[in-house]
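The next block holds one structure in the form of C-alpha cells; read it before the comments.
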Amino acid sequence: MPVLHSIQAEIGFIPREAVPIMANAMNLSRAEIHGVISFYHDFRDQPAGQHTVQLCRAEACQAMGARELEAHARARLGIGFGETTANGRFTLEPVYCLGNCACSPSIRIGAETYARVSIEKFDAIMAGLEAKE
C-alpha cells in the first residue's frame with residue numbers, strides 16, 4: 001500500500017504498465033497488485049480531472065437529497081461516477097461518508113468540504129471553479 005500511495009502521490013494515478021513491475025519487485029502476482037488498486041477507492045489507474053468532486057452517498061446524505069444531487073451532478077457534468085469530463089476539468093467520485101452527516105448532503109472538492117449542498121449551491125460551486133480557469 002505505501003508503494004501504491006507513493007506512486008499515486010507522485011504521478012496522480014497508478015499506470016497499468018507499472019503493475020507488472022511492482023508485482024515482480026514485491027514478489028507478488030499482477031492480480032494481487034491489481035486487486036488492491038481496484039478494491040480501494042483512493043487508488044485510480046487513470047489520471048483524474050483538475051478537480052475531483054466527491055459526492056457523499058451515505059444514508060444521512062441520501063435522506064437529505066443526495067440522490068437528486070447525484071442525478072443533477074451527473075447531468076451537469078455529463079459524466080458518471082469514476083469518469084472525467086472531456087476537457088479534463090472534473091472527475092466525479094462516490095464516497096460513502098464525509099463525516100459531515102449533520103449538514104447533509106455534502107460534497108468534497110479537493111480538501112474543501114461543502115455542506116447542505118442543494119442543486120443551486122452545486123451549480124454555484126461549479127460555476128465558481130469554472131470561472132477561475
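By convention in this document, the chains of the C-alpha cells carry letters A, B, ... by their order, each chain's residues are numbered from 1, and ligands are numbered from 1 in the order they are shown.
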Checklist line | Contacts of Ala58 in chain A at 10 Å (only C-alpha atoms; same-chain gap of 3+ positions) as a list in words | finding: Leu55, Cys61, Gln62, Ala63, Ala66, Pro94, Val95, Tyr96, Cys97, Leu98, Gly99, Cys101, Ser104, Pro105 and Ser106 of chain A
Next item on the list: Taking the chain letters and numbering used in this document, name the residues of chain A that DSSP puts in helix (DSSP H, G or I), as a PyMOL selection string.
Entry: chain A and resi 2-11+18-26+30-39+59-63+66-77+101-103+119-131
Quick one: residues within 9 Å of Phe43 in chain A, only C-alpha atoms counted, chain neighbours fewer than 4 positions away excluded, as a CSV table (one decimal) with N, CA and C atoms, in the first residue's frame?
chain,number,residue,atom,x,y,z
A,4,LEU,N,2.0,2.0,-3.5
A,4,LEU,CA,1.0,2.5,-4.3
A,4,LEU,C,0.6,4.0,-4.0
A,5,HIS,N,0.6,4.3,-2.7
A,5,HIS,CA,0.3,5.7,-2.3
A,5,HIS,C,1.4,6.6,-2.8
A,8,GLN,N,1.0,7.1,-6.6
A,8,GLN,CA,-0.2,8.0,-6.9
A,8,GLN,C,0.1,9.4,-6.5
A,13,PHE,N,-1.9,9.0,-10.4
A,13,PHE,CA,-2.6,7.8,-10.7
A,13,PHE,C,-1.5,6.7,-10.7
A,14,ILE,N,-2.0,5.4,-10.8
A,14,ILE,CA,-1.1,4.3,-10.9
A,14,ILE,C,-1.2,3.7,-12.3
A,36,VAL,N,-5.6,-4.8,-5.2
A,36,VAL,CA,-5.5,-3.7,-4.2
A,36,VAL,C,-5.9,-2.4,-4.9
A,37,ILE,N,-5.4,-2.2,-6.1
A,37,ILE,CA,-5.7,-0.9,-6.8
A,37,ILE,C,-7.2,-0.8,-7.1
A,38,SER,N,-7.9,-1.9,-7.5
A,38,SER,CA,-9.3,-1.8,-7.9
A,38,SER,C,-10.2,-1.9,-6.6
A,39,PHE,N,-9.7,-2.4,-5.5
A,39,PHE,CA,-10.6,-2.6,-4.3
A,39,PHE,C,-10.7,-1.2,-3.6
Check: Nearest to Gln50 in chain A among A:Gly110, A:Pro15, A:Pro2, A:Gly88, with distances taken over only C-alpha atoms: which residue is it?
Finding: A:Gly88
Checklist line | Residue contacts of Val19 in chain A (12 Å, only C-alpha atoms) excluding same-chain residues fewer than 6 positions away, as a PyMOL selection string | finding: chain A and resi 3-4+7+13+25-38+45
Next item on the list: With a distance cut-off of 10 Å and only C-alpha atoms, select the neighbouring residues of range 125-128 of chain A, excluding the residue or stretch itself and same-chain residues fewer than 4 positions from it, and output the selection as a PyMOL selection string.
Entry: chain A and resi 51+53+73+76-77+90+109+114+117+119-121+132-133
Item checked: Which of range 38-110 of chain A DSSP labels strand (DSSP E), written as a PyMOL selection string -> chain A and resi 51-56+83-84+90-95+107-109
Notebook entry, point to check: CA of Ile107 in chain A to CA of Met1 in chain A: how many Å, to one decimal?
Noted result: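 That distance, rounded to one decimal, is 26.0 Å.
Closest to Ala111 in chain A among A:Glu59, A:Ala131, A:Glu70, A:Gln54 is A:Gln54, based on only C-alpha atoms.
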